[in-house]
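Shown next: input-v7.txt, containing compact mmCIF, C-alpha atoms and all ligand atoms.
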# COMPACT_ATOMS: atom_id res chain seq x y z
CA MET Y 1 15.24 88.46 253.66
CA PHE Y 2 18.68 87.34 252.48
CA GLU Y 3 19.10 85.81 255.93
CA TYR Y 4 19.30 82.27 254.73
CA ARG Y 5 20.84 79.23 256.31
CA LEU Y 6 24.17 79.59 254.52
CA GLY Y 7 23.84 82.97 252.84
CA HIS Y 8 24.97 81.36 249.62
CA PHE Y 9 23.36 81.30 246.19
CA LEU Y 10 24.69 79.74 243.01
CA THR Y 11 24.28 81.02 239.49
CA TYR Y 12 22.35 78.45 237.57
CA HIS Y 13 23.53 77.13 234.23
CA HIS Y 14 21.69 74.33 232.62
CA VAL Y 15 24.62 72.19 231.61
CA SER Y 16 24.87 70.58 235.01
CA GLN Y 17 21.46 69.89 236.46
CA ASP Y 18 22.70 66.76 238.19
CA PHE Y 19 25.32 68.84 240.01
CA PHE Y 20 22.74 71.20 241.48
CA ARG Y 21 20.65 68.28 242.65
CA ARG Y 22 23.48 66.28 244.23
CA HIS Y 23 24.75 69.30 246.16
CA ARG Y 24 21.44 70.82 247.12
CA ASP Y 25 22.38 70.92 250.82
CA LYS Y 26 25.39 73.18 250.08
CA TYR Y 27 23.56 76.29 248.91
CA ASP Y 28 20.38 78.16 249.70
CA GLY Y 29 19.15 78.98 246.26
CA LEU Y 30 19.79 79.79 242.65
CA ILE Y 31 20.17 82.97 240.67
CA ILE Y 32 18.89 82.15 237.21
CA PRO Y 33 20.10 84.36 234.35
CA LEU Y 34 17.18 85.59 232.30
CA SER Y 35 18.59 84.12 229.09
CA ILE Y 36 18.48 80.66 230.66
CA ALA Y 37 15.07 81.22 232.22
CA CYS Y 38 13.79 81.97 228.72
CA VAL Y 39 14.39 78.41 227.67
CA PHE Y 40 11.92 77.09 230.24
CA ARG Y 41 10.17 75.43 227.34
CA GLN Y 42 13.19 73.12 227.27
CA GLY Y 43 12.86 72.33 230.91
CA THR Y 44 14.88 74.87 232.92
CA GLY Y 45 11.87 76.04 234.85
CA GLY Y 46 10.61 72.54 235.49
CA PHE Y 47 13.96 71.50 236.83
CA VAL Y 48 14.28 74.54 239.06
CA LEU Y 49 10.81 74.11 240.53
CA THR Y 50 11.29 70.44 241.39
CA LEU Y 51 14.60 71.29 243.04
CA LYS Y 52 12.52 73.15 245.63
CA LYS Y 53 15.18 75.72 246.39
CA GLN Y 54 14.78 79.47 246.58
CA TYR Y 55 15.44 81.21 243.33
CA ALA Y 56 15.41 84.60 241.65
CA LEU Y 57 15.73 85.62 238.02
CA ASP Y 58 18.54 88.02 237.09
CA PRO Y 59 17.32 90.15 234.16
CA ARG Y 60 20.90 90.79 232.96
CA THR Y 61 19.71 94.10 231.54
CA PRO Y 62 23.20 95.68 231.18
CA LEU Y 63 23.79 93.51 228.15
CA LEU Y 64 21.46 95.90 226.32
CA GLN Y 65 23.76 98.87 226.98
CA ALA Y 66 26.89 96.95 225.98
CA ASP Y 67 28.67 98.06 222.84
CA PHE Y 68 29.61 95.00 220.83
CA ASP Y 69 29.55 93.95 217.22
CA ARG Y 70 25.90 93.67 216.22
CA GLY Y 71 26.92 90.82 213.96
CA SER Y 72 27.52 88.63 216.99
CA ILE Y 73 24.08 88.99 218.55
CA ARG Y 74 22.91 85.57 219.66
CA ARG Y 75 19.49 84.11 220.33
CA ALA Y 76 19.96 84.44 224.10
CA HIS Y 77 20.58 88.18 223.66
CA LEU Y 78 17.40 88.58 221.65
CA GLU Y 79 15.45 86.74 224.32
CA ILE Y 80 16.79 89.12 226.97
CA ALA Y 81 15.85 92.10 224.80
CA ASP Y 82 12.40 90.70 224.09
CA VAL Y 83 11.57 90.24 227.78
CA HIS Y 84 12.52 93.90 228.35
CA GLY Y 85 9.92 94.99 225.85
CA PRO Y 86 9.28 94.51 222.16
CA SER Y 87 9.81 98.23 221.56
CA ILE Y 88 13.51 98.04 222.35
CA VAL Y 89 14.34 94.94 220.30
CA SER Y 90 14.80 96.81 217.05
CA THR Y 91 17.01 99.43 218.70
CA PHE Y 92 19.12 96.74 220.35
CA LEU Y 93 19.58 95.00 217.01
CA SER Y 94 21.11 98.13 215.49
CA ARG Y 95 23.05 99.70 218.39
CA PRO Y 96 23.59 99.72 222.18
CA LEU Y 97 20.69 101.23 224.12
CA GLN Y 98 21.07 104.80 225.35
CA ALA Y 99 19.65 106.07 228.63
CA THR Y 100 17.35 108.33 226.60
CA ASP Y 101 15.83 105.25 224.92
CA VAL Y 102 14.80 103.82 228.27
CA GLU Y 103 13.83 106.91 230.23
CA PRO Y 104 10.40 107.37 228.54
CA ILE Y 105 9.50 103.68 228.92
CA GLU Y 106 10.69 102.92 232.47
CA GLY Y 107 7.23 101.91 233.65
CA GLU Y 108 6.65 99.69 230.65
CA MET Y 109 10.05 97.99 230.96
CA ALA Y 110 9.71 97.39 234.71
CA ARG Y 111 6.26 95.90 234.19
CA ALA Y 112 7.42 93.58 231.38
CA VAL Y 113 10.46 92.28 233.26
CA LEU Y 114 8.63 91.75 236.54
CA SER Y 115 5.69 90.05 234.92
CA PHE Y 116 8.08 87.58 233.27
CA GLN Y 117 9.47 86.75 236.73
CA LYS Y 118 6.05 86.49 238.33
CA GLU Y 119 4.83 84.20 235.54
CA PHE Y 120 7.91 81.98 235.55
CA ALA Y 121 6.63 79.46 238.08
CA ARG Y 122 3.20 79.19 236.54
CA GLN Y 123 4.50 78.66 233.01
CA SER Y 124 7.25 76.33 234.13
CA ALA Y 125 4.88 74.17 236.14
CA GLU Y 126 3.75 72.70 232.86
CA LYS Y 127 7.12 70.94 232.65
CA VAL Y 128 7.10 69.82 236.23
CA ASP Y 129 5.07 66.69 235.67
CA LYS Y 130 7.80 65.30 233.48
CA TYR Y 131 10.54 65.89 236.06
CA ALA Y 132 8.49 64.71 238.99
CA ALA Y 133 7.73 61.48 237.16
CA LEU Y 134 11.42 60.95 236.34
CA LEU Y 135 12.32 61.46 239.98
CA GLY Y 136 9.44 59.44 241.35
CA GLU Y 137 8.21 62.47 243.25
CA ASP Y 138 4.69 63.64 243.82
CA VAL Y 139 3.52 66.47 241.67
CA GLU Y 140 2.56 69.45 243.77
CA SER Y 141 -0.45 71.43 242.78
CA GLU Y 142 1.40 74.70 243.17
CA TYR Y 143 5.05 75.68 243.01
CA SER Y 144 6.30 78.85 244.54
CA GLY Y 145 7.45 81.81 242.51
CA PRO Y 146 10.77 83.60 242.88
CA ASP Y 147 11.91 84.37 246.41
CA PHE Y 148 12.37 87.98 245.35
CA LEU Y 149 11.96 89.98 242.16
CA ILE Y 150 14.81 91.88 240.50
CA PRO Y 151 13.93 95.04 238.52
CA PRO Y 152 15.75 95.74 235.26
CA TYR Y 153 19.00 97.60 235.97
CA PHE Y 154 21.88 99.26 234.16
CA ARG Y 155 25.53 99.84 234.93
CA TYR Y 156 26.73 103.32 235.92
CA ALA Y 157 29.93 105.05 236.99
CA GLY Y 158 28.40 107.60 239.33
CA ARG Y 159 25.22 109.47 240.16
CA ARG Y 160 25.77 111.86 237.25
CA ASP Y 161 25.98 109.01 234.76
CA PRO Y 162 22.74 109.15 232.70
CA TRP Y 163 22.17 105.46 233.46
CA TYR Y 164 21.97 106.15 237.20
CA PRO Y 165 18.57 107.91 237.27
CA VAL Y 166 17.23 105.42 234.72
CA SER Y 167 18.20 102.46 236.93
CA LEU Y 168 16.70 104.15 239.98
CA GLY Y 169 13.56 105.00 237.99
CA LEU Y 170 13.18 101.37 236.91
CA ALA Y 171 13.54 100.21 240.53
CA ARG Y 172 10.91 102.68 241.68
CA ALA Y 173 8.57 101.72 238.85
CA ALA Y 174 9.03 98.08 239.86
CA VAL Y 175 7.66 98.83 243.34
CA ARG Y 176 4.28 99.46 241.71
CA GLU Y 177 4.43 96.04 240.02
CA LYS Y 178 5.69 93.82 242.81
CA GLU Y 179 2.30 92.79 244.26
CA ASP Y 180 2.96 90.42 247.19
CA PHE Y 181 6.50 89.62 246.12
CA ARG Y 182 9.63 91.00 247.72
CA LEU Y 183 11.71 93.31 245.58
CA ALA Y 184 15.47 93.80 245.51
CA PRO Y 185 16.95 96.30 243.04
CA VAL Y 186 20.52 95.89 241.84
CA LEU Y 187 23.04 98.66 242.53
CA HIS Y 188 25.28 98.00 239.58
CA MET Y 189 28.29 100.27 239.63
CA THR Y 190 31.76 100.37 238.23
CA ALA Y 191 34.59 100.06 240.75
CA GLY Y 192 35.30 103.76 240.19
CA PHE Y 193 31.95 104.95 241.56
CA PRO Y 194 32.92 107.95 243.75
CA GLU Y 195 32.84 107.29 247.46
CA THR Y 196 31.73 110.89 248.03
CA GLU Y 197 28.40 109.82 246.53
CA PHE Y 198 27.79 106.84 248.83
CA ASP Y 199 25.57 108.85 251.19
CA ALA Y 200 23.43 110.18 248.35
CA LEU Y 201 23.24 106.71 246.80
CA ALA Y 202 22.07 105.26 250.10
CA GLY Y 203 19.51 108.06 250.37
CA ASP Y 204 18.19 107.32 246.88
CA TYR Y 205 17.67 103.65 247.72
CA ASP Y 206 16.08 104.25 251.10
CA GLU Y 207 12.65 103.39 249.72
CA ARG Y 208 10.10 101.45 251.68
CA GLY Y 209 9.21 99.37 248.64
CA PHE Y 210 12.75 97.96 248.38
CA ASP Y 211 12.88 94.89 250.61
CA GLY Y 212 16.57 94.28 250.07
CA LEU Y 213 19.42 95.61 247.94
CA ILE Y 214 21.70 93.69 245.60
CA VAL Y 215 25.23 95.03 245.17
CA PHE Y 216 27.04 94.29 241.94
CA VAL Y 217 30.39 95.97 241.39
CA ASN Y 218 31.17 95.36 237.75
CA ASN Y 219 34.03 93.06 236.93
CA LEU Y 220 35.51 93.20 240.43
CA GLN Y 221 38.27 90.61 240.33
CA GLU Y 222 38.91 90.23 244.01
CA TYR Y 223 42.32 88.60 243.68
CA LEU Y 224 43.59 91.41 241.40
CA ALA Y 225 41.93 94.42 243.03
CA PRO Y 226 44.05 96.65 245.28
CA ALA Y 227 43.21 96.91 248.97
CA SER Y 228 41.94 100.48 248.43
CA THR Y 229 39.22 99.29 246.01
CA LEU Y 230 38.24 96.39 248.25
CA ALA Y 231 38.12 98.55 251.37
CA LYS Y 232 35.87 100.99 249.51
CA TYR Y 233 33.56 98.09 248.69
CA GLY Y 234 33.53 97.25 252.39
CA ARG Y 235 32.61 100.82 253.31
CA LEU Y 236 29.79 100.74 250.75
CA VAL Y 237 28.39 97.65 252.45
CA VAL Y 238 28.64 99.28 255.86
CA ARG Y 239 26.95 102.45 254.59
CA LEU Y 240 24.11 100.60 252.87
CA ARG Y 241 23.59 98.35 255.86
CA ARG Y 242 22.65 101.43 257.89
CA LEU Y 243 19.45 101.57 255.83
CA GLY Y 244 18.40 98.43 257.69
CA LYS Y 245 17.84 96.58 254.43
CA PRO Y 246 19.34 93.15 253.83
CA LEU Y 247 22.19 93.09 251.31
CA PHE Y 248 23.06 90.56 248.65
CA GLY Y 249 26.42 90.49 246.86
CA LEU Y 250 25.94 89.39 243.26
CA PHE Y 251 29.04 87.55 241.98
CA GLY Y 252 31.63 87.28 244.69
CA GLY Y 253 34.50 85.18 245.89
CA TYR Y 254 36.03 84.72 249.29
CA PHE Y 255 36.46 88.45 249.88
CA THR Y 256 32.72 89.00 249.42
CA LEU Y 257 32.11 86.02 251.67
CA LEU Y 258 34.14 87.76 254.37
CA LEU Y 259 32.13 90.97 253.87
CA ARG Y 260 29.29 89.12 255.54
CA LYS Y 261 31.22 89.95 258.71
CA VAL Y 262 30.52 93.66 258.08
CA GLY Y 263 26.92 93.42 257.00
CA MET Y 264 26.60 91.61 253.69
CA GLY Y 265 23.73 89.16 254.15
CA CYS Y 266 24.14 86.78 251.28
CA PHE Y 267 26.23 86.34 248.17
CA SER Y 268 26.24 84.36 244.98
CA ASN Y 269 28.80 82.85 242.70
CA ALA Y 270 28.83 80.64 239.68
CA VAL Y 271 30.33 77.20 239.80
CA GLY Y 272 33.66 76.80 238.09
CA TYR Y 273 33.72 80.41 236.89
CA GLY Y 274 32.00 83.63 237.79
CA GLU Y 275 33.46 84.96 241.04
CA TYR Y 276 33.21 88.21 239.11
CA ARG Y 277 31.40 89.30 236.02
CA ASP Y 278 31.62 91.98 233.39
CA SER Y 279 27.96 92.71 232.71
CA GLY Y 280 28.78 93.81 229.17
CA TYR Y 281 30.31 90.47 228.31
CA HIS Y 282 28.31 88.99 225.48
CA GLU Y 283 30.10 85.84 224.44
CA GLY Y 284 29.29 82.40 225.74
CA GLY Y 285 31.11 80.86 228.67
CA GLN Y 286 34.16 78.77 228.07
CA ALA Y 287 34.99 75.75 230.13
CA VAL Y 288 38.43 76.06 231.67
CA ARG Y 289 39.88 73.39 233.91
CA ARG Y 290 40.45 75.17 237.18
CA TYR Y 291 41.15 74.01 240.68
CA TYR Y 292 40.16 76.10 243.68
CA VAL Y 293 43.05 76.16 246.15
CA PRO Y 294 41.38 76.31 249.57
CA ARG Y 295 44.10 78.04 251.51
CA LEU Y 296 44.60 80.64 248.79
CA HIS Y 297 40.83 81.07 248.38
CA ARG Y 298 41.04 81.39 244.63
CA TYR Y 299 41.11 79.39 241.44
CA PHE Y 300 44.14 78.47 239.40
CA THR Y 301 44.39 76.35 236.30
CA ASP Y 302 44.74 72.73 237.34
CA ILE Y 303 48.33 72.78 236.05
CA GLU Y 304 49.25 75.85 238.09
CA ALA Y 305 47.54 74.50 241.21
CA GLN Y 306 49.47 71.27 240.78
CA ASN Y 307 52.73 73.22 240.52
CA LEU Y 308 51.94 75.17 243.67
CA GLN Y 309 51.20 72.00 245.61
CA ALA Y 310 54.43 70.42 244.39
CA THR Y 311 56.51 73.49 245.26
CA VAL Y 312 55.16 73.79 248.78
CA GLY Y 313 54.87 70.06 249.40
CA GLY Y 314 53.26 68.45 252.42
CA ALA Y 315 49.65 69.15 253.31
CA PHE Y 316 49.75 72.95 253.33
CA LEU Y 317 48.04 73.51 249.98
CA ARG Y 318 46.24 70.17 249.90
CA CYS Y 319 42.54 69.72 250.42
CA ASP Y 320 41.00 67.01 252.57
CA CYS Y 321 37.47 67.02 251.13
CA ASP Y 322 36.28 63.58 250.09
CA THR Y 323 36.91 64.35 246.41
CA CYS Y 324 40.56 65.14 247.14
CA ARG Y 325 41.23 62.51 249.77
CA ARG Y 326 42.33 60.03 247.15
CA ARG Y 327 45.75 61.34 246.16
CA ARG Y 328 46.33 61.92 242.46
CA PRO Y 329 47.52 64.78 240.28
CA LEU Y 330 44.99 67.59 240.01
CA THR Y 331 45.35 67.35 236.26
CA ASN Y 332 43.71 63.92 236.49
CA TYR Y 333 40.51 65.21 238.06
CA THR Y 334 37.42 65.06 235.92
CA SER Y 335 35.68 68.38 235.27
CA GLN Y 336 32.91 67.21 237.56
CA GLU Y 337 35.38 66.49 240.37
CA LEU Y 338 36.85 69.97 240.03
CA LEU Y 339 33.37 71.41 240.56
CA ASP Y 340 32.51 69.03 243.40
CA HIS Y 341 35.71 69.97 245.20
CA PHE Y 342 34.98 73.67 244.78
CA LEU Y 343 31.50 73.51 246.23
CA LYS Y 344 32.60 71.42 249.22
CA THR Y 345 35.40 73.90 249.83
CA ARG Y 346 33.04 76.86 249.53
CA LEU Y 347 30.74 75.27 252.11
CA SER Y 348 33.58 74.78 254.57
CA GLU Y 349 34.73 78.38 253.97
CA ILE Y 350 31.24 79.57 254.85
CA GLN Y 351 31.03 77.44 257.96
CA ARG Y 352 34.48 78.45 259.11
CA ALA Y 353 33.78 82.14 258.56
CA ASP Y 354 30.51 81.85 260.47
CA ALA Y 355 32.30 80.31 263.42
CA SER Y 356 35.24 82.75 263.48
CA ASP Y 357 35.84 86.39 264.30
CA LEU Y 358 36.94 88.69 261.50
CA ASP Y 359 40.20 89.21 263.43
CA ASP Y 360 41.00 85.52 263.21
CA LEU Y 361 40.07 85.29 259.55
CA ILE Y 362 42.37 88.22 258.74
CA ALA Y 363 45.17 86.67 260.79
CA GLU Y 364 44.76 83.48 258.81
CA LEU Y 365 45.18 85.33 255.48
CA ASP Y 366 48.37 86.95 256.76
CA ALA Y 367 49.70 83.70 258.19
CA THR Y 368 49.27 81.92 254.86
CA ALA Y 369 51.04 84.71 252.97
CA THR Y 370 53.89 84.71 255.49
CA ALA Y 371 54.27 80.94 255.26
CA LEU Y 372 54.46 81.06 251.45
CA GLU Y 373 57.26 83.63 251.48
CA ASP Y 374 59.62 80.76 252.28
CA TYR Y 375 58.99 79.16 248.90
CA PRO Y 376 60.03 80.07 245.36
CA ILE Y 377 56.48 81.07 244.40
CA PRO Y 378 55.72 84.26 242.47
CA PHE Y 379 54.22 86.83 244.84
CA ASP Y 380 51.18 87.38 242.62
CA ARG Y 381 49.95 83.87 243.42
CA TYR Y 382 49.19 84.93 246.99
CA SER Y 383 49.55 88.74 247.15
CA HIS Y 384 45.72 88.99 247.19
CA LEU Y 385 45.76 87.56 250.72
CA ARG Y 386 47.75 90.62 251.88
CA GLU Y 387 45.43 92.99 249.99
CA TRP Y 388 42.35 91.38 251.53
CA ALA Y 389 43.81 91.51 255.01
CA THR Y 390 44.75 95.19 254.55
CA ALA Y 391 41.29 96.01 253.21
CA LEU Y 392 39.46 94.24 256.05
CA ARG Y 393 41.59 95.30 259.00
CA PRO Y 394 39.78 98.62 259.59
CA PHE Y 395 36.52 96.71 260.03
CA ALA Y 396 37.83 94.22 262.60
ZN ZN F 1 38.89 69.08 247.79
Turn the structure described in the file into structure tokens.
Amino acid sequence: MFEYRLGHFLTYHHVSQDFFRRHRDKYDGLIIPLSIACVFRQGTGGFVLTLKKQYALDPRTPLLQADFDRGSIRRAHLEIADVHGPSIVSTFLSRPLQATDVEPIEGEMARAVLSFQKEFARQSAEKVDKYAALLGEDVESEYSGPDFLIPPYFRYAGRRDPWYPVSLGLARAAVREKEDFRLAPVLHMTAGFPETEFDALAGDYDERGFDGLIVFVNNLQEYLAPASTLAKYGRLVVRLRRLGKPLFGLFGGYFTLLLRKVGMGCFSNAVGYGEYRDSGYHEGGQAVRRYYVPRLHRYFTDIEAQNLQATVGGAFLRCDCDTCRRRRPLTNYTSQELLDHFLKTRLSEIQRADASDLDDLIAELDATATALEDYPIPFDRYSHLREWATALRPFA
């Protein structure tokens, strides 16, 4: 499990179905947010099934514990709440859920959320005929369900946080509901989760019924995080890996990609945004024109990326993927081209990392930072490379 061809999942969003189809050789599968899965009546499920990629449904439960203005509750939020159980909808409408609301209904909530995931393929298959006909493909009599099931989960700051035992209880309750499916609970912690509790955490999740573990450090912005935080994340991966269970990093950028060198099996990211996520974020996504600079392994606005290229000159910060081969200002790229370029770059990052030793990958980060010191570029544009190298060095 989680030992896929590339070890790379994408977060699905339904605005760009064509994108996911055109690039289907560049990722292993899709993580579908529950709110989007809920609109299968409008075709999400049908599309996903005909894509014939692995997929899993992220219940996005932490939204229910998020404290935000109840006046801005949207339909997608209500759909998430409803899948978690009708009994919590009225509470969610009036205030954030408390751990004490969930504790008495763990079994009920786990059953509701898992049955939604198990039913997804069957209910979505009704839409498949339409897509298959459009694509001139044969309709299959049966489409496979999710590659693994994800129990409802909440965010916590440590083992003494009241949400911690509730999350663990939901994961354990989900074992009883998984049938023949594989199950991967989410360990959703804040970056401040105490390292002194890693052993106990690992012990808690050493359950036979958990086929894999998903790690989600809330709002971990890899290019802003200090080396100490990133190294701690690395040690968490190493510690959890000793359980012998495959690990999946939910929402990650290049640093998480490199953690595959220390035991992370697979990771996911969104396209164009979403290398990190605040699970309490409740507003819709906003399209920002961003260009992923390959050698810096992070996004910048297209304007900033253009400035960096101009300042450094030559080929150093240029990309040679077939989207970028035709020379023009980055600000002239279409939104689609910005996404195409990113996914091609991500694929080459994965392939390069697979073929290299961690030592060499660290040396490359340092070499880039050293080279950029010769230019009038603010340090914060590339300081993350130093932080990453510092964080990873003890593992090399
Ligand atoms: Zn490119």
Please build the interface table for chain Y against ligand ZN 1 (chain F) with a cut-off of 9 Å, listing for each qualifying residue the nearest atom pair and the distance in Å to one decimal; count all atoms listed in the file, order rows by chain and increasing number, and write it as a tab-separated table.
residue	atom	partner	partner_atom	distance
Y:Tyr291	CA	F:ZN1	ZN	8.9
Y:Tyr292	CA	F:ZN1	ZN	8.2
Y:Val293	CA	F:ZN1	ZN	8.4
Y:Pro294	CA	F:ZN1	ZN	7.9
Y:Arg318	CA	F:ZN1	ZN	7.7
Y:Cys319	CA	F:ZN1	ZN	4.5
Y:Asp320	CA	F:ZN1	ZN	5.6
Y:Cys321	CA	F:ZN1	ZN	4.2
Y:Asp322	CA	F:ZN1	ZN	6.5
Y:Thr323	CA	F:ZN1	ZN	5.3
Y:Cys324	CA	F:ZN1	ZN	4.3
Y:Arg325	CA	F:ZN1	ZN	7.2
Y:Glu337	CA	F:ZN1	ZN	8.6
Y:Leu338	CA	F:ZN1	ZN	8.1
Y:Asp340	CA	F:ZN1	ZN	7.7
Y:His341	CA	F:ZN1	ZN	4.2
Y:Phe342	CA	F:ZN1	ZN	6.7
Y:Leu343	CA	F:ZN1	ZN	8.8
Y:Lys344	CA	F:ZN1	ZN	6.9
Y:Thr345	CA	F:ZN1	ZN	6.3
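In this structure, CA of Cys266 (chain Y) sits 24.5 Å away from CA of Glu177 (chain Y).
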Rounded to one decimal in Å, what is the spacing between CA of Leu392 (chain Y) and CA of Phe251 (chain Y)?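 Spanning CA of Leu392 (chain Y) to CA of Phe251 (chain Y) is a straight-line distance of 18.7 Å.
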Find the residues with any atom within 12 Å of (1.0, 90.1, 244.8); use all atoms listed in the file and the coordinates as given in the file, and write the answer as a PyMOL selection string. chain Y and resi 114-115+118-119+145-146+148-149+175-183
Go ahead and write the selection's residues with C-alpha atoms as a tab-separated table (two decimals), in the frame of the given file.
chain	number	residue	atom	x	y	z
Y	114	LEU	CA	8.63	91.75	236.54
Y	115	SER	CA	5.69	90.05	234.92
Y	118	LYS	CA	6.05	86.49	238.33
Y	119	GLU	CA	4.83	84.20	235.54
Y	145	GLY	CA	7.45	81.81	242.51
Y	146	PRO	CA	10.77	83.60	242.88
Y	148	PHE	CA	12.37	87.98	245.35
Y	149	LEU	CA	11.96	89.98	242.16
Y	175	VAL	CA	7.66	98.83	243.34
Y	176	ARG	CA	4.28	99.46	241.71
Y	177	GLU	CA	4.43	96.04	240.02
Y	178	LYS	CA	5.69	93.82	242.81
Y	179	GLU	CA	2.30	92.79	244.26
Y	180	ASP	CA	2.96	90.42	247.19
Y	181	PHE	CA	6.50	89.62	246.12
Y	182	ARG	CA	9.63	91.00	247.72
Y	183	LEU	CA	11.71	93.31	245.58
Nearest residue to Phe120 (chain Y) out of Y:Leu51, Y:Ala231, Y:Ile88, Y:Val39, using only C-alpha atoms?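 Closest candidate: Y:Val39.
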Kindly give the distance, in Å, that separates CA of Leu243 (chain Y) and CA of Asp206 (chain Y), rounded to a single decimal. 6.4 Å
Residues within 9 Å of Leu385 (chain Y), only C-alpha atoms, excluding chain neighbours under 6 positions, as number ranges by chain: Y: 223, 296-297, 362, 365-366, 368-369
Give me the residues within 9 Å of Asp211 (chain Y) as a count of residues only, counting only C-alpha atoms and dropping any in the same chain fewer than 3 places off. 10
Determine the nearest neighbour of Asp147 (chain Y) from the options Y:Gln54, Y:Gln117, Y:Gln309, Y:Asn218, counting only C-alpha atoms.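 Checking each of Y:Gln54, Y:Gln117, Y:Gln309, Y:Asn218 against Asp147 (chain Y), counting only C-alpha atoms, the winner is Y:Gln54.
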List every protein, DNA or RNA residue that has an atom no more than 8 Å from (30.9, 85.9, 243.8) in the file's coordinate frame, counting only C-alpha atoms, and report them as an MDAnalysis selection string. chainID Y and resid 249:254 256:257 267:270 274:276
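Across Y:Ser279, Y:Ala200, Y:Leu259, Y:Glu364, the tightest approach to Asn219 (chain Y) is made by Y:Ser279 when counting only C-alpha atoms.
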Would you kindly return, as a ChimeraX atom specification, each protein, DNA or RNA residue with an atom no farther than 10 Å from any atom of Ala112 (chain Y), considering only C-alpha atoms and excluding same-chain residues fewer than 2 positions away? /Y:82-86,106-110,114-117,151-152,174,177
What's around region 74-76 of chain Y at 9 Å? Count only C-alpha atoms, leave out sequence neighbours fewer than 5 positions away in its own chain, and write the answer as a list in words.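 In the requested format, the answer is Leu34, Ser35, Ile36, Cys38, Val39, Ala81, His282 and Glu283 of chain Y.
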Selected residue, from Y:Arg290, Y:Arg260, Y:Arg386, Y:Arg295, that lies nearest to Glu3 (chain Y) when counting only C-alpha atoms: Y:Arg260
Kindly indicate which residue among Y:His384, Y:Ala191, Y:Gly7, Y:Leu63 lies nearest to His77 (chain Y), using only C-alpha atoms for the distances. Y:Leu63
Restricting the calculation to all atoms listed in the file: of Y:Val186, Y:Ala225, Y:Leu134, Y:Ala355, which residue gets closest to Leu213 (chain Y)?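 Among the listed residues, Y:Val186 lies closest to Leu213 (chain Y).
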Write only N, CA and C atoms for region 350-362 of chain Y from the block just shown, as an mmCIF file, in the first residue's frame.
data_model
loop_
_atom_site.group_PDB
_atom_site.id
_atom_site.type_symbol
_atom_site.label_atom_id
_atom_site.label_comp_id
_atom_site.auth_asym_id
_atom_site.auth_seq_id
_atom_site.Cartn_x
_atom_site.Cartn_y
_atom_site.Cartn_z
ATOM 1 N N ILE Y 350 10.245 14.072 -9.106
ATOM 2 C CA ILE Y 350 10.056 12.726 -8.545
ATOM 3 C C ILE Y 350 11.066 11.752 -9.160
ATOM 4 N N GLN Y 351 11.193 11.828 -10.458
ATOM 5 C CA GLN Y 351 12.103 10.890 -11.133
ATOM 6 C C GLN Y 351 13.546 11.133 -10.722
ATOM 7 N N ARG Y 352 13.892 12.402 -10.607
ATOM 8 C CA ARG Y 352 15.262 12.744 -10.219
ATOM 9 C C ARG Y 352 15.547 12.298 -8.779
ATOM 10 N N ALA Y 353 14.585 12.527 -7.906
ATOM 11 C CA ALA Y 353 14.771 12.117 -6.507
ATOM 12 C C ALA Y 353 14.894 10.599 -6.408
ATOM 13 N N ASP Y 354 14.093 9.894 -7.190
ATOM 14 C CA ASP Y 354 14.164 8.427 -7.168
ATOM 15 C C ASP Y 354 15.542 7.935 -7.583
ATOM 16 N N ALA Y 355 16.149 8.645 -8.522
ATOM 17 C CA ALA Y 355 17.409 8.180 -9.090
ATOM 18 C C ALA Y 355 18.629 8.695 -8.330
ATOM 19 N N SER Y 356 18.407 9.514 -7.297
ATOM 20 C CA SER Y 356 19.545 10.144 -6.610
ATOM 21 C C SER Y 356 19.598 9.734 -5.138
ATOM 22 N N ASP Y 357 20.780 9.866 -4.570
ATOM 23 C CA ASP Y 357 20.929 9.689 -3.124
ATOM 24 C C ASP Y 357 20.508 10.966 -2.417
ATOM 25 N N LEU Y 358 20.074 10.821 -1.169
ATOM 26 C CA LEU Y 358 19.692 12.007 -0.393
ATOM 27 C C LEU Y 358 20.870 12.979 -0.294
ATOM 28 N N ASP Y 359 22.076 12.443 -0.121
ATOM 29 C CA ASP Y 359 23.285 13.283 -0.087
ATOM 30 C C ASP Y 359 23.353 14.237 -1.270
ATOM 31 N N ASP Y 360 23.136 13.673 -2.455
ATOM 32 C CA ASP Y 360 23.247 14.471 -3.680
ATOM 33 C C ASP Y 360 22.129 15.502 -3.771
ATOM 34 N N LEU Y 361 20.949 15.108 -3.319
ATOM 35 C CA LEU Y 361 19.809 16.038 -3.375
ATOM 36 C C LEU Y 361 20.019 17.207 -2.418
ATOM 37 N N ILE Y 362 20.615 16.920 -1.265
ATOM 38 C CA ILE Y 362 20.929 17.986 -0.305
ATOM 39 C C ILE Y 362 22.008 18.903 -0.880
#
